[in-house]
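Asks: Sharing input.txt (compact mmCIF, C-alpha atoms) below.
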# COMPACT_ATOMS: atom_id res chain seq x y z
CA MET A 1 89.78 29.32 21.45
CA PHE A 2 87.97 26.28 20.14
CA LYS A 3 84.35 26.87 19.23
CA PRO A 4 82.09 23.90 18.75
CA ARG A 5 80.41 23.67 15.37
CA VAL A 6 76.69 24.02 15.48
CA ARG A 7 74.95 21.48 13.29
CA ILE A 8 72.13 23.08 11.41
CA PRO A 9 69.54 20.52 10.42
CA ARG A 10 69.07 20.30 6.71
CA VAL A 11 65.54 20.90 5.71
CA ARG A 12 64.41 18.88 2.74
CA ILE A 13 62.11 20.88 0.56
CA ALA A 14 59.51 18.74 -1.06
CA GLN A 15 59.54 18.98 -4.79
CA PRO A 16 56.20 20.03 -6.30
CA GLN A 17 54.35 17.07 -7.71
CA PRO A 18 52.82 17.35 -11.16
CA LEU A 19 49.07 17.77 -11.03
CA LEU A 20 47.19 14.76 -12.24
CA PRO A 21 44.82 15.57 -15.06
CA ARG A 22 41.29 15.75 -13.74
CA ARG A 23 38.64 13.81 -15.53
CA SER A 24 36.17 16.08 -17.23
CA LEU A 25 32.83 15.91 -15.43
CA HIS A 26 30.82 16.69 -18.52
CA THR A 27 32.01 16.96 -22.08
CA VAL A 28 30.41 18.35 -25.19
CA PRO A 29 28.24 15.58 -26.67
CA LEU A 30 29.62 14.34 -29.95
CA PRO A 31 27.34 15.76 -32.62
CA HIS A 32 25.95 13.59 -35.38
CA ILE A 33 26.44 16.59 -37.65
CA SER A 34 29.74 17.05 -39.48
CA ALA A 35 31.56 20.10 -38.16
CA THR A 36 33.20 20.56 -41.55
CA VAL A 37 29.88 20.68 -43.40
CA GLY A 38 27.24 21.96 -41.00
CA VAL A 39 23.59 21.37 -41.86
CA PRO A 40 23.03 21.78 -45.60
CA GLY A 41 20.40 24.38 -46.33
CA PHE A 42 20.24 25.48 -42.69
CA LEU A 43 23.59 26.12 -40.96
CA SER A 44 26.96 26.71 -42.56
CA LYS A 45 30.18 25.30 -41.15
CA ASP A 46 30.85 28.59 -39.34
CA GLY A 47 27.25 28.86 -38.16
CA PHE A 48 27.37 25.36 -36.72
CA HIS A 49 30.73 26.04 -35.05
CA LEU A 50 29.31 29.07 -33.22
CA ALA A 51 25.91 27.61 -32.37
CA TYR A 52 27.08 24.18 -31.28
CA THR A 53 30.83 23.72 -30.85
CA ASP A 54 31.69 27.03 -29.18
CA TYR A 55 28.44 27.51 -27.28
CA MET A 56 28.22 23.96 -25.95
CA GLN A 57 31.82 24.12 -24.72
CA HIS A 58 30.99 27.34 -22.89
CA LEU A 59 28.01 25.69 -21.20
CA VAL A 60 30.03 22.61 -20.26
CA ASP A 61 32.81 24.69 -18.70
CA LYS A 62 30.32 26.71 -16.64
CA LEU A 63 28.42 23.62 -15.46
CA ASN A 64 31.59 21.73 -14.51
CA ALA A 65 32.75 24.70 -12.42
CA LEU A 66 29.47 24.60 -10.49
CA ILE A 67 29.17 20.86 -9.85
CA GLY A 68 32.82 19.97 -9.25
CA GLY A 69 33.21 17.94 -6.05
CA THR A 70 29.48 17.30 -5.70
CA GLU A 71 27.36 14.21 -6.26
CA MET A 72 26.06 15.81 -9.45
CA GLU A 73 29.35 15.01 -11.16
CA GLN A 74 28.04 11.60 -12.11
CA LYS A 75 24.57 12.68 -13.23
CA SER A 76 23.26 13.52 -16.68
CA THR A 77 22.17 17.03 -17.57
CA LEU A 78 18.54 15.89 -17.49
CA GLN A 79 18.96 14.49 -13.98
CA ILE A 80 20.71 17.67 -12.84
CA LEU A 81 18.04 20.01 -14.17
CA GLN A 82 15.30 17.89 -12.61
CA GLN A 83 17.09 17.86 -9.26
CA THR A 84 17.83 21.59 -9.14
CA ALA A 85 14.69 23.04 -10.77
CA ARG A 86 12.91 23.56 -7.45
CA GLU A 87 15.83 25.05 -5.52
CA PRO A 88 16.41 28.81 -6.03
CA SER A 89 19.94 28.49 -4.64
CA PHE A 90 20.80 26.16 -7.53
CA ALA A 91 19.46 28.46 -10.24
CA PRO A 92 22.83 28.81 -12.06
CA THR A 93 23.33 25.04 -12.05
CA PHE A 94 19.84 24.51 -13.41
CA ASN A 95 20.30 27.12 -16.12
CA TYR A 96 23.52 25.65 -17.51
CA ALA A 97 22.33 22.04 -17.25
CA SER A 98 18.99 22.85 -18.86
CA MET A 99 20.58 24.88 -21.66
CA LEU A 100 23.02 22.04 -22.37
CA HIS A 101 20.15 19.58 -22.58
CA ASN A 102 17.87 21.85 -24.63
CA ASN A 103 20.57 22.84 -27.10
CA ASP A 104 21.66 19.25 -27.67
CA PHE A 105 18.00 18.16 -28.01
CA PHE A 106 17.52 20.80 -30.71
CA PHE A 107 20.55 19.65 -32.71
CA GLN A 108 19.64 15.97 -32.32
CA GLY A 109 16.42 16.73 -34.16
CA LEU A 110 18.23 18.00 -37.26
CA ASN A 111 18.85 15.95 -40.37
CA SER A 112 22.59 15.62 -40.96
CA SER A 113 22.12 13.62 -44.15
CA PRO A 114 21.86 15.12 -47.64
CA ASN A 115 18.81 12.92 -48.09
CA GLU A 116 15.48 14.08 -46.70
CA LYS A 117 13.95 12.23 -43.75
CA PRO A 118 10.27 12.94 -44.32
CA MET A 119 7.37 12.48 -41.97
CA SER A 120 5.92 8.98 -41.89
CA VAL A 121 2.26 8.35 -42.68
CA ARG A 122 1.54 7.33 -39.09
CA LEU A 123 3.17 10.41 -37.59
CA GLN A 124 1.35 12.63 -40.08
CA LYS A 125 -2.02 11.14 -39.13
CA VAL A 126 -1.59 11.53 -35.37
CA LEU A 127 -0.34 15.10 -35.75
CA GLU A 128 -3.25 15.96 -38.02
CA GLN A 129 -5.63 14.69 -35.34
CA SER A 130 -4.27 17.34 -32.95
CA PHE A 131 -3.58 20.25 -35.33
CA GLY A 132 -5.92 19.65 -38.27
CA SER A 133 -3.08 19.70 -40.77
CA ILE A 134 0.70 19.66 -40.89
CA GLU A 135 0.59 23.17 -42.35
CA THR A 136 -1.23 24.34 -39.21
CA LEU A 137 1.41 22.73 -36.98
CA GLN A 138 4.18 24.35 -39.01
CA ARG A 139 2.52 27.76 -38.86
CA GLU A 140 1.87 27.51 -35.12
CA MET A 141 5.48 26.61 -34.33
CA LEU A 142 7.02 29.21 -36.63
CA VAL A 143 4.68 32.03 -35.66
CA THR A 144 5.18 31.29 -31.96
CA ALA A 145 8.96 31.25 -32.35
CA SER A 146 8.98 34.36 -34.52
CA ALA A 147 6.83 36.29 -32.03
CA MET A 148 8.98 35.46 -29.01
CA PHE A 149 10.62 38.70 -27.88
CA GLY A 150 13.61 37.09 -26.31
CA PRO A 151 15.51 33.82 -26.37
CA GLY A 152 14.01 30.43 -25.64
CA PHE A 153 12.68 27.32 -27.33
CA VAL A 154 9.45 26.28 -29.01
CA TRP A 155 8.58 22.62 -28.52
CA LEU A 156 6.36 20.02 -30.10
CA VAL A 157 5.28 17.86 -27.17
CA LYS A 158 3.08 14.86 -26.59
CA ASP A 159 0.43 15.17 -23.90
CA THR A 160 0.69 11.78 -22.18
CA LYS A 161 -2.70 12.03 -20.50
CA ALA A 162 -4.80 13.06 -23.48
CA SER A 163 -2.58 11.38 -26.12
CA LYS A 164 -2.56 14.63 -28.05
CA TYR A 165 0.19 16.83 -29.39
CA ARG A 166 0.73 20.46 -28.45
CA VAL A 167 3.06 23.39 -29.04
CA LEU A 168 4.79 24.70 -25.93
CA ALA A 169 7.10 27.71 -25.57
CA THR A 170 9.78 28.01 -22.88
CA TYR A 171 11.85 31.12 -22.26
CA LEU A 172 15.57 31.36 -21.52
CA ALA A 173 16.68 28.04 -20.03
CA GLY A 174 13.18 26.90 -19.08
CA SER A 175 12.50 23.18 -19.32
CA PRO A 176 9.48 21.44 -20.89
CA TYR A 177 9.80 18.36 -18.69
CA SER A 178 6.98 17.73 -16.24
CA THR A 179 9.46 16.86 -13.50
CA ALA A 180 10.89 20.37 -13.81
CA HIS A 181 7.62 22.19 -14.38
CA TRP A 182 8.34 24.84 -11.74
CA ARG A 183 11.10 26.10 -14.01
CA ARG A 184 9.19 25.62 -17.26
CA GLN A 185 9.02 29.42 -17.72
CA GLY A 186 6.24 29.10 -20.21
CA LEU A 187 5.22 32.75 -19.82
CA ASP A 188 6.94 35.81 -21.21
CA MET A 189 6.94 38.04 -18.15
CA ASN A 190 7.52 41.05 -20.41
CA THR A 191 4.06 40.67 -21.93
CA VAL A 192 1.98 38.92 -19.22
CA GLU A 193 0.64 41.21 -16.54
CA GLY A 194 0.46 39.79 -13.03
CA PRO A 195 -2.22 40.55 -10.44
CA SER A 196 -2.07 43.70 -8.40
CA SER A 197 -1.64 43.50 -4.65
CA THR A 198 -5.26 44.55 -4.14
CA GLU A 199 -6.73 41.57 -6.00
CA LYS A 200 -7.83 38.81 -3.66
CA SER A 201 -9.59 36.39 -5.97
CA GLY A 202 -10.51 35.72 -9.55
CA ALA A 203 -7.71 36.81 -11.88
CA ALA A 204 -5.17 36.86 -9.08
CA GLU A 205 -5.88 33.28 -8.03
CA GLU A 206 -5.84 32.14 -11.63
CA TYR A 207 -2.51 33.89 -12.21
CA LEU A 208 -0.91 32.42 -9.10
CA ALA A 209 -2.14 28.94 -9.95
CA ARG A 210 -0.91 29.22 -13.52
CA THR A 211 2.55 30.52 -12.68
CA GLN A 212 3.07 28.35 -9.58
CA LEU A 213 3.95 31.40 -7.48
CA GLY A 214 1.30 31.07 -4.80
CA ALA A 215 0.56 28.77 -1.90
CA GLY A 216 -2.52 26.85 -2.98
CA ALA A 217 -0.96 23.38 -3.07
CA SER A 218 -3.05 20.76 -1.36
CA ASN A 219 -0.16 19.55 0.76
CA GLY A 220 0.49 23.04 2.14
CA SER A 221 3.77 23.48 0.26
CA ARG A 222 4.47 26.34 -2.08
CA TRP A 223 4.73 24.25 -5.23
CA LYS A 224 2.15 22.08 -6.90
CA LYS A 225 3.03 18.52 -7.77
CA THR A 226 1.40 18.61 -11.18
CA ALA A 227 2.60 20.60 -14.15
CA PRO A 228 0.92 23.91 -15.03
CA GLY A 229 -2.48 23.13 -16.46
CA GLY A 230 -2.15 19.53 -15.32
CA ILE A 231 -0.29 18.58 -18.51
CA ASP A 232 2.51 16.01 -18.41
CA VAL A 233 4.37 16.05 -21.68
CA ILE A 234 7.11 14.28 -23.60
CA PRO A 235 9.21 16.62 -25.78
CA LEU A 236 9.54 15.47 -29.38
CA LEU A 237 11.04 18.39 -31.28
CA CYS A 238 12.22 21.92 -30.57
CA VAL A 239 13.62 24.99 -32.26
CA SER A 240 15.91 27.47 -30.54
CA THR A 241 15.18 31.21 -30.79
CA TRP A 242 18.48 32.24 -29.22
CA GLU A 243 20.18 34.87 -31.40
CA HIS A 244 23.53 33.09 -31.54
CA MET A 245 21.76 30.37 -33.52
CA TYR A 246 21.08 32.52 -36.56
CA LEU A 247 23.25 35.67 -36.39
CA ARG A 248 26.24 34.16 -38.21
CA ASP A 249 24.28 32.84 -41.20
CA TYR A 250 21.14 34.99 -41.30
CA GLY A 251 22.05 38.33 -39.72
CA VAL A 252 20.15 40.42 -37.20
CA ALA A 253 16.92 40.49 -39.22
CA GLY A 254 17.07 36.90 -40.45
CA LYS A 255 15.15 35.10 -37.73
CA ARG A 256 12.12 34.32 -39.91
CA GLN A 257 14.22 32.80 -42.70
CA TYR A 258 16.18 30.82 -40.12
CA LEU A 259 12.94 29.35 -38.76
CA GLU A 260 11.62 28.43 -42.22
CA ASN A 261 14.90 26.73 -43.12
CA TRP A 262 14.85 24.87 -39.79
CA TRP A 263 11.49 23.28 -40.61
CA ASN A 264 12.96 21.88 -43.82
CA ALA A 265 15.95 20.48 -41.90
CA VAL A 266 13.96 18.47 -39.32
CA ASP A 267 14.70 14.76 -39.00
CA TRP A 268 11.15 13.42 -38.77
CA THR A 269 12.32 9.86 -38.11
CA LYS A 270 13.75 11.14 -34.81
CA VAL A 271 10.38 12.70 -33.96
CA SER A 272 8.64 9.40 -34.67
CA ASP A 273 11.10 7.54 -32.47
CA ARG A 274 10.55 9.97 -29.60
CA ALA A 275 6.77 9.74 -30.00
CA GLN A 276 7.00 5.93 -30.03
CA ILE A 277 4.19 5.52 -32.52
CA GLU A 278 5.80 3.49 -35.30
CA ASN A 279 5.66 0.24 -33.30
CA LYS A 280 2.06 0.76 -32.19
CA GLN A 281 -1.08 -0.23 -34.01
CA TYR A 282 -2.65 2.89 -35.44
CA THR A 283 -6.39 3.18 -36.06
CA SER A 284 -7.86 6.22 -37.76
What is this structure when it is put down as structure tokens?
Replies:
Amino acid sequence: MFKPRVRIPRVRIAQPQPLLPRRSLHTVPLPHISATVGVPGFLSKDGFHLAYTDYMQHLVDKLNALIGGTEMEQKSTLQILQQTAREPSFAPTFNYASMLHNNDFFFQGLNSSPNEKPMSVRLQKVLEQSFGSIETLQREMLVTASAMFGPGFVWLVKDTKASKYRVLATYLAGSPYSTAHWRRQGLDMNTVEGPSSTEKSGAAEEYLARTQLGAGASNGSRWKKTAPGGIDVIPLLCVSTWEHMYLRDYGVAGKRQYLENWWNAVDWTKVSDRAQIENKQYTS
């Protein structure tokens, strides 16, 4: 008996298309320091590789994973940290963006040349007006950094309102920028005691105002518009106290030597440029 043939439709299976390479949202900034040399007298080739090359790539990978597909893809790390500093839900994004910016800022302040880049006469005079002497500034920065029980950064900043220079410490990924002052983290919460729940004025109000944790803002919001202490600053120089910076070259107990060697490796022309004093008329 004749049986009609049943035509089975042929299903065309789409061949997998090769994935197009995705443009990297953020990349490790090209350092002005030679990766094959490091920073003479401060960081060896291996020390630089750990503290900059490896660590910065880690930060970039983490940040890109957080901002992929968002409008932050096209923004700088400074713009990202300023935008996310006030939002607790964006804390990881802030931390990685701020650490990227802080770490790069630290390395940009280092002298990559075998020739010294000493402090100019003008910069020396304006710093002496604020600290009394350069030796006092050096001691204040190194002692502050040495005493920090935990990672962070110690900054030389310019107070834009008073036209003075100050030393500011930030912990972890805290930012010195006034626009991100609510995440400045200028207090070591391991050593600063907060007010008890029974305090209703005095020390409690001072603590809440200083740490930006209370209501108290004139517009009724939780956060104040001005920076803690009313200081708006421009960062000029910083030193990192994160352990990965000095473990490779200085060992566990080598933090103090690391800090002293850092001072001798500072590019003071970069500090002058950031302070914008060389093109201004200076009067003593």
Asks: Can you work out the spacing between CA of Asn261 in chain A and CA of Met119 in chain A in Å, to one decimal?
Replies: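 So the two atoms, CA of Asn261 in chain A and CA of Met119 in chain A, lie 16.2 Å apart.
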Asks: Just checking: using all atoms listed in the file, which residue out of A:Leu66, A:Ala51, A:Leu123, A:Leu156 ends up closest to Phe90 in chain A?
Replies: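 Of the candidates, the smallest distance to Phe90 in chain A is held by A:Leu66.
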Asks: One number please: CA of Tyr246 in chain A to CA of Tyr171 in chain A, in Å, one decimal.
Replies: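 Interatomic distance, CA of Tyr246 in chain A to CA of Tyr171 in chain A: 17.1 Å.
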Asks: Just the number, please: distance in Å from CA of Asp249 in chain A to CA of Asn103 in chain A, one decimal.
Replies: 17.7 Å
Asks: Write out as an NGL selection string the residues lying within 6 Å of range 268-272 of chain A, counting all atoms listed in the file and excluding same-chain residues fewer than 3 positions away.
Replies: :A and (117-119 or 236 or 275)
Asks: Return the single residue from A:Leu25, A:Tyr96, A:Leu110, A:Gly41 that is closest to Gln74 in chain A, with distances computed using only C-alpha atoms.
Replies: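 Of all the options, A:Leu25 lies closest to Gln74 in chain A.
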Asks: Go through A:Thr70, A:Leu168, A:Ser98, A:Ser175 and flag the residue nearest Thr144 in chain A, using all atoms listed in the file for the distances.
Replies: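 Of the candidates, the smallest distance to Thr144 in chain A is held by A:Leu168.
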Asks: Pick out the residues sitting within 8 Å of Leu100 in chain A, and hand them over as a ChimeraX atom specification; count only C-alpha atoms, and ignore anything fewer than 4 positions along from it in its own chain.
Replies: /A:56,59-60,77,96,104
Asks: Using only C-alpha atoms for the distances, tell me which of A:Met148, A:Ala85, A:Val157, A:Met99 is nearest to Gln57 in chain A.
Replies: A:Met99
Asks: Could you name the residues that touch Glu140 in chain A at 12 Å or less, counting all atoms listed in the file, but leaving out those on the same chain fewer than 3 positions away, as a list in words?
Replies: Phe131, Gly132, Ser133, Ile134, Glu135, Thr136, Leu137, Val143, Thr144, Ala145, Ser146, Ala147, Val154, Trp155, Leu156, Arg166, Val167, Leu168, Ala169, Leu259 and Trp263 of chain A
Asks: Which polymer residues, whether protein, DNA or RNA, lie within 8 Å of the coordinate (15.7, 33.2, -27.1) when you count only C-alpha atoms? List them as a PyMOL selection string, using the chain letters and numbers from the file.
Replies: chain A and resi 148-153+171-172+240-243
Asks: So, counting all atoms listed in the file, which residue among A:Ile67, A:Leu43, A:His101, A:Gln83 is closest to Pro29 in chain A?
Replies: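 Among the listed residues, the smallest separation from Pro29 in chain A belongs to A:His101.
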Asks: Point out the residue among A:Ser112, A:Gln276, A:Gln82, A:Asn95 with the least atom-to-atom distance to Phe48 in chain A, counting only C-alpha atoms.
Replies: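 Of A:Ser112, A:Gln276, A:Gln82, A:Asn95, the one nearest Phe48 in chain A, counting only C-alpha atoms, is A:Ser112.
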